[in-house]
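First comes the structure, then the notes that go with it.
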Amino acid sequence: MALLEVEDVSKAFGSLKAVDGVSFKVEAGEIFGVAGPNGSGKSTLFNVITGIPFGPDRGRVKLGGVEIQGKSGNEIARLGLARTFQRETSFDGLTVFENALMGAGYGKPGRAESEVRERAAEALEFVGLTSVGFGRLAGELSVFDRKCLMLATAIAMEPRVLLLDEPASSLTKPEIETSIGLIRRTAERGITIVLIEHVLTFLMSLSQHLMVLNQGRVLAAGEPKTVIADERVVEAYLGTRRPAA
């Protein structure tokens, strides 16, 4: 049984079908890539999976065989599903350590304070934020460090599945390379990853399986090299088919 199963999920805003009958499965330990042109429904798909800020109009989402559509964001998170966002989201008025504490306490309520603090510190060390300083305000961090803080806060929750929404956006080439290594190491911790990225080369370097969305629907899915070679995918990204050989 797959760890995450999405079955015929749809979400519409008036006449616009942002997500239209999307289905896929993610196995435990996998890095599953989701690609697509701007406006293809990638982030909306994450929204309906996590219930933040809305769930699907129809369809089912299962985590470890348990249906989670219709549950609150809090319930879904505590069942083991976490996410990051396209923009660097943090509590800017709180310190780096306080942000990580929020994740550690939120993901596993009832933990002893000492364990919460230990989990938060370990997550920050894992993403390389010890040099920044745990007492620094989150709002003072660089874009890259804020993305690392988002990841640390999510890891501190100890999720089974982590959804990453465009982690490479606005980063320099060296920062992107660092992010690739960090995501690989996150998967090695036993966290299953679903990764949205507009940059195909980033996805190709990480994903075992790749799904491409276009206009809210699954355009192609499978082994990454095969998907990227699909003429429909080329047309969706470039607006034209390859010239005949």
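Here, A, B, ... name the chains of the structure tokens in the order displayed, residue numbers run from 1 inside each chain, and ligands are numbered from 1 in the same displayed order.
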Skip Arg160 of chain A itself and residues of its chain fewer than 2 positions away, then list as a PyMOL selection string all residues within 12 Å of it, counting only C-alpha atoms.
-> chain A and resi 3-4+26-30+63-64+76-83+107+154-158+162-163+186-187+189-194
Residue neighbourhood Met211 of chain A, 10 Å, only C-alpha atoms, exclusion window fewer than 2 positions, as a JSON list (two decimals) with N, CA, C and O atoms, in the first residue's frame:
```
[["chain", "number", "residue", "atom", "x", "y", "z"],
["A", 24, "PHE", "N", -2.67, 10.02, -8.06],
["A", 24, "PHE", "CA", -1.29, 9.50, -8.04],
["A", 24, "PHE", "C", -1.04, 8.84, -6.70],
["A", 24, "PHE", "O", -1.78, 9.03, -5.74],
["A", 32, "PHE", "N", 8.94, 12.16, -4.88],
["A", 32, "PHE", "CA", 8.00, 12.20, -6.00],
["A", 32, "PHE", "C", 7.91, 13.64, -6.50],
["A", 32, "PHE", "O", 7.55, 14.55, -5.75],
["A", 33, "GLY", "N", 8.25, 13.87, -7.75],
["A", 33, "GLY", "CA", 8.28, 15.22, -8.30],
["A", 33, "GLY", "C", 6.98, 15.59, -9.00],
["A", 33, "GLY", "O", 6.34, 14.75, -9.65],
["A", 34, "VAL", "N", 6.58, 16.86, -8.85],
["A", 34, "VAL", "CA", 5.41, 17.40, -9.53],
["A", 34, "VAL", "C", 5.85, 18.64, -10.29],
["A", 34, "VAL", "O", 6.36, 19.60, -9.71],
["A", 35, "ALA", "N", 5.67, 18.62, -11.60],
["A", 35, "ALA", "CA", 6.08, 19.73, -12.46],
["A", 35, "ALA", "C", 4.87, 20.27, -13.20],
["A", 35, "ALA", "O", 3.78, 19.70, -13.16],
["A", 36, "GLY", "N", 5.09, 21.36, -13.91],
["A", 36, "GLY", "CA", 4.04, 21.95, -14.72],
["A", 36, "GLY", "C", 4.28, 23.42, -14.93],
["A", 36, "GLY", "O", 4.94, 24.07, -14.11],
["A", 196, "ILE", "N", 7.28, 19.97, -5.51],
["A", 196, "ILE", "CA", 6.87, 20.81, -6.63],
["A", 196, "ILE", "C", 8.06, 21.69, -7.04],
["A", 196, "ILE", "O", 8.72, 22.29, -6.19],
["A", 207, "SER", "N", 14.05, 13.33, -8.25],
["A", 207, "SER", "CA", 12.82, 12.53, -8.24],
["A", 207, "SER", "C", 13.02, 11.11, -8.76],
["A", 207, "SER", "O", 13.70, 10.89, -9.76],
["A", 209, "HIS", "N", 10.06, 9.40, -9.32],
["A", 209, "HIS", "CA", 8.92, 9.44, -10.22],
["A", 209, "HIS", "C", 8.54, 10.91, -10.43],
["A", 209, "HIS", "O", 8.74, 11.73, -9.55],
["A", 213, "LEU", "N", 1.65, 18.35, -14.50],
["A", 213, "LEU", "CA", 0.29, 18.87, -14.59],
["A", 213, "LEU", "C", 0.21, 19.94, -15.67],
["A", 213, "LEU", "O", 1.18, 20.67, -15.91],
["A", 218, "VAL", "N", -3.47, 15.77, -15.09],
["A", 218, "VAL", "CA", -2.22, 15.05, -15.26],
["A", 218, "VAL", "C", -1.93, 14.92, -16.74],
["A", 218, "VAL", "O", -2.70, 14.30, -17.49],
["A", 219, "LEU", "N", -0.79, 15.50, -17.16],
["A", 219, "LEU", "CA", -0.41, 15.44, -18.56],
["A", 219, "LEU", "C", 0.43, 14.19, -18.84],
["A", 219, "LEU", "O", 0.26, 13.54, -19.88],
["A", 220, "ALA", "N", 1.32, 13.88, -17.93],
["A", 220, "ALA", "CA", 2.18, 12.70, -18.07],
["A", 220, "ALA", "C", 2.70, 12.33, -16.69],
["A", 220, "ALA", "O", 2.84, 13.18, -15.82],
["A", 221, "ALA", "N", 3.02, 11.05, -16.49],
["A", 221, "ALA", "CA", 3.54, 10.58, -15.21],
["A", 221, "ALA", "C", 4.35, 9.31, -15.45],
["A", 221, "ALA", "O", 4.04, 8.51, -16.33],
["A", 222, "GLY", "N", 5.41, 9.16, -14.63],
["A", 222, "GLY", "CA", 6.22, 7.96, -14.74],
["A", 222, "GLY", "C", 7.67, 8.23, -14.42],
["A", 222, "GLY", "O", 8.01, 9.12, -13.63],
["A", 223, "GLU", "N", 8.56, 7.46, -15.05],
["A", 223, "GLU", "CA", 9.99, 7.62, -14.87],
["A", 223, "GLU", "C", 10.41, 8.98, -15.43],
["A", 223, "GLU", "O", 10.02, 9.35, -16.55],
["A", 224, "PRO", "N", 11.20, 9.78, -14.69],
["A", 224, "PRO", "CA", 11.45, 11.17, -15.09],
["A", 224, "PRO", "C", 11.97, 11.35, -16.51],
["A", 224, "PRO", "O", 11.47, 12.23, -17.24],
["A", 227, "VAL", "N", 9.14, 10.90, -18.97],
["A", 227, "VAL", "CA", 8.16, 11.99, -18.89],
["A", 227, "VAL", "C", 8.68, 13.24, -19.59],
["A", 227, "VAL", "O", 7.97, 13.89, -20.36],
["A", 228, "ILE", "N", 9.94, 13.57, -19.34],
["A", 228, "ILE", "CA", 10.52, 14.78, -19.93],
["A", 228, "ILE", "C", 10.60, 14.68, -21.44],
["A", 228, "ILE", "O", 10.52, 15.69, -22.15]]
```
Could you name the residues that touch Ala100 of chain A at 7 Å or less, counting only C-alpha atoms, but leaving out those on the same chain fewer than 4 positions away, as a PyMOL selection string?
-> chain A and resi 96+104+120+152-153+156
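Atom pair atom CA of Ser23 of chain A / atom CA of Asp8 of chain A: separated by 5.0 Å.
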Name the residues of segment 36-238 of chain A that come out as strand (DSSP E) in a backbone DSSP run; write them as number ranges by chain.
-> A: 58-63, 66-67, 81-83, 161-165, 192-196, 209-214, 217-222
Please report, as a PyMOL selection string, each residue of segment 55-203 of chain A to which DSSP assigns helix (DSSP H, G or I) when run on this structure's backbone.
-> chain A and resi 73-78+96-107+113-126+138-140+143-156+173-188+200-203
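Proximity to Asn74 of chain A was assessed for A:Lys108, A:Arg146, A:Lys173, A:Arg184 counting only C-alpha atoms; the smallest distance is recorded for A:Lys108.
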Can you tell me how far atom CA of Arg232 of chain A sits from atom CA of His198 of chain A, in Å to one decimal?
->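 Between atom CA of Arg232 of chain A and atom CA of His198 of chain A the gap works out to 16.1 Å.
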I'd like the neighbourhood of segment 125-139 of chain A as a CSV table (one decimal) with N, CA and C atoms, in the first residue's frame, where a residue qualifies if any of its atoms comes within 8 Å (using only C-alpha atoms), though same-chain residues fewer than 2 positions away should be ignored.
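Produced file part.csv, reproduced below:
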```csv
chain,number,residue,atom,x,y,z
A,90,SER,N,7.5,32.4,7.7
A,90,SER,CA,7.9,32.1,9.0
A,90,SER,C,7.3,33.2,9.9
A,91,PHE,N,7.4,33.0,11.2
A,91,PHE,CA,7.0,34.0,12.2
A,91,PHE,C,8.1,35.0,12.4
A,92,ASP,N,8.1,36.1,11.6
A,92,ASP,CA,9.2,37.0,11.5
A,92,ASP,C,9.6,37.6,12.8
A,93,GLY,N,8.6,37.8,13.7
A,93,GLY,CA,8.9,38.4,15.0
A,93,GLY,C,9.4,37.5,16.1
A,94,LEU,N,9.5,36.2,15.7
A,94,LEU,CA,10.0,35.2,16.6
A,94,LEU,C,11.5,34.9,16.2
A,95,THR,N,12.2,34.3,17.1
A,95,THR,CA,13.6,33.9,16.8
A,95,THR,C,13.6,32.7,16.0
A,96,VAL,N,14.8,32.4,15.4
A,96,VAL,CA,15.0,31.1,14.6
A,96,VAL,C,14.6,29.9,15.5
A,97,PHE,N,15.0,29.9,16.7
A,97,PHE,CA,14.7,28.8,17.6
A,97,PHE,C,13.3,28.7,18.0
A,99,ASN,N,10.8,29.6,16.1
A,99,ASN,CA,10.1,29.1,15.0
A,99,ASN,C,10.1,27.6,14.9
A,121,ALA,N,16.2,22.1,18.2
A,121,ALA,CA,17.6,22.3,18.0
A,121,ALA,C,18.2,21.4,17.0
A,122,GLU,N,17.9,20.1,17.0
A,122,GLU,CA,18.4,19.1,16.1
A,122,GLU,C,18.0,19.5,14.7
A,123,ALA,N,16.8,19.9,14.5
A,123,ALA,CA,16.3,20.2,13.1
A,123,ALA,C,17.0,21.5,12.6
A,141,LEU,N,16.6,37.1,8.3
A,141,LEU,CA,17.3,36.1,7.6
A,141,LEU,C,17.3,36.4,6.1
A,145,ASP,N,18.2,31.3,3.9
A,145,ASP,CA,18.1,30.9,5.3
A,145,ASP,C,16.7,30.8,5.8
A,146,ARG,N,15.8,31.6,5.2
A,146,ARG,CA,14.4,31.5,5.6
A,146,ARG,C,13.8,30.2,5.0
A,148,CYS,N,15.5,27.5,4.6
A,148,CYS,CA,16.1,26.5,5.5
A,148,CYS,C,15.3,26.4,6.8
A,149,LEU,N,14.9,27.6,7.3
A,149,LEU,CA,14.1,27.6,8.5
A,149,LEU,C,12.7,27.0,8.3
A,151,LEU,N,12.1,24.6,6.3
A,151,LEU,CA,12.3,23.1,6.2
A,151,LEU,C,12.6,22.6,7.6
A,152,ALA,N,13.4,23.3,8.4
A,152,ALA,CA,13.7,22.9,9.8
A,152,ALA,C,12.4,22.8,10.6
A,182,LEU,N,20.4,18.9,0.6
A,182,LEU,CA,19.6,19.0,1.9
A,182,LEU,C,18.3,18.2,1.7
```
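For the pair atom CA of Thr84 of chain A and atom CA of Phe202 of chain A, the interatomic distance is 16.8 Å.
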Leaving out segment 44-60 of chain A and any residue of its chain fewer than 3 positions from it, which residues lie within 7 Å of it when counting only C-alpha atoms, given as a ChimeraX atom specification?
-> /A:6-11,18-19,41,67,69-70,72-73,76
Please identify all polymer residues within 12 Å of Val199 of chain A, counting only C-alpha atoms, omitting same-chain residues fewer than 3 positions from it, and present them as JSON, numbers by chain.
-> {"A": [33, 34, 35, 36, 37, 38, 165, 166, 167, 168, 169, 170, 171, 176, 195, 196, 202, 203, 204, 205, 206, 212, 228, 237]}
